[in-house]
Structures are given as structure tokens and as C-alpha cells.
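Contents: one structure, followed by commentary.
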Amino acid sequence: MTVVERREIALVDLLDRLLAGGVVITGDLTLRIADVDLVRIDLNALISSVNEQVPSPWQELL
């Protein structure tokens, strides 16, 4: 087993990297019975940190 295969990242470090660069989550969920769509949910989310370089879009509302 090489060093690359055993590389472990703490959850806090992973979250820090994701928030620093931002992450987009998309997904579709469909509940169907007998080939009839009953419920459809579409998810689009952007998760990112906010700082001086990337201001909050809700700052004007506060």
C-alpha cells in the first residue's frame, strides 16, 4: 500500500476546503408508483463561505 492510498483527511479539513472554494449540490428525487410520478423534487444548492472578497448577497436586506 502506497502513501497516496493511505492518505486520510479529517472532516474539519474537508469542510474547510469545500467552503473555501464553494460547492454546488444538485439532485433530483422522484417518487413513483406503478410508473406514475407522484412527487418530484429538484434540488440546487450553492454552499460557500462569505468574506470581504465575496460579500453576502443578503447584506442589503439587513
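Going by the C-alpha cells order, chains are called A, B, ..., each with residues numbered from 1, while ligands are numbered from 1 in the order shown.
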Self-check item: Shell around Val39 of chain A at 9 Å using only C-alpha atoms, local window under 3 positions removed, as number ranges by chain
Solution: A: 29-32
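Residue neighbourhood of Leu46 of chain A, excluding near-sequence residues (fewer than 6 positions): Val23, Val24 and Ile25 of chain A, at 7 Å, using only C-alpha atoms.
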Mind writing the picked residues with N, CA, C and O atoms as a compact mmCIF listing (two decimals), in the first residue's frame?
```
# COMPACT_ATOMS: atom_id res chain seq x y z
N VAL A 23 -19.06 24.82 -3.15
CA VAL A 23 -19.50 23.55 -3.71
C VAL A 23 -20.96 23.70 -4.15
O VAL A 23 -21.73 24.43 -3.54
N VAL A 24 -21.29 23.07 -5.26
CA VAL A 24 -22.66 23.09 -5.78
C VAL A 24 -23.24 21.69 -5.63
O VAL A 24 -22.61 20.70 -6.01
N ILE A 25 -24.43 21.61 -5.06
CA ILE A 25 -25.11 20.34 -4.88
C ILE A 25 -26.37 20.36 -5.74
O ILE A 25 -27.17 21.28 -5.66
```
Practice problem: Just the residues within 12 Å of Gly27 of chain A, please, counting only C-alpha atoms, with nothing from its chain fewer than 5 positions along; format it as a count of residues only. | Solution: 6
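Counting from atom CA of Gln53 of chain A, the distance to atom CA of Thr26 of chain A is 25.3 Å.
One distance worth recording is that between atom CA of Gly22 of chain A and atom CA of Ile47 of chain A, which is 5.6 Å.
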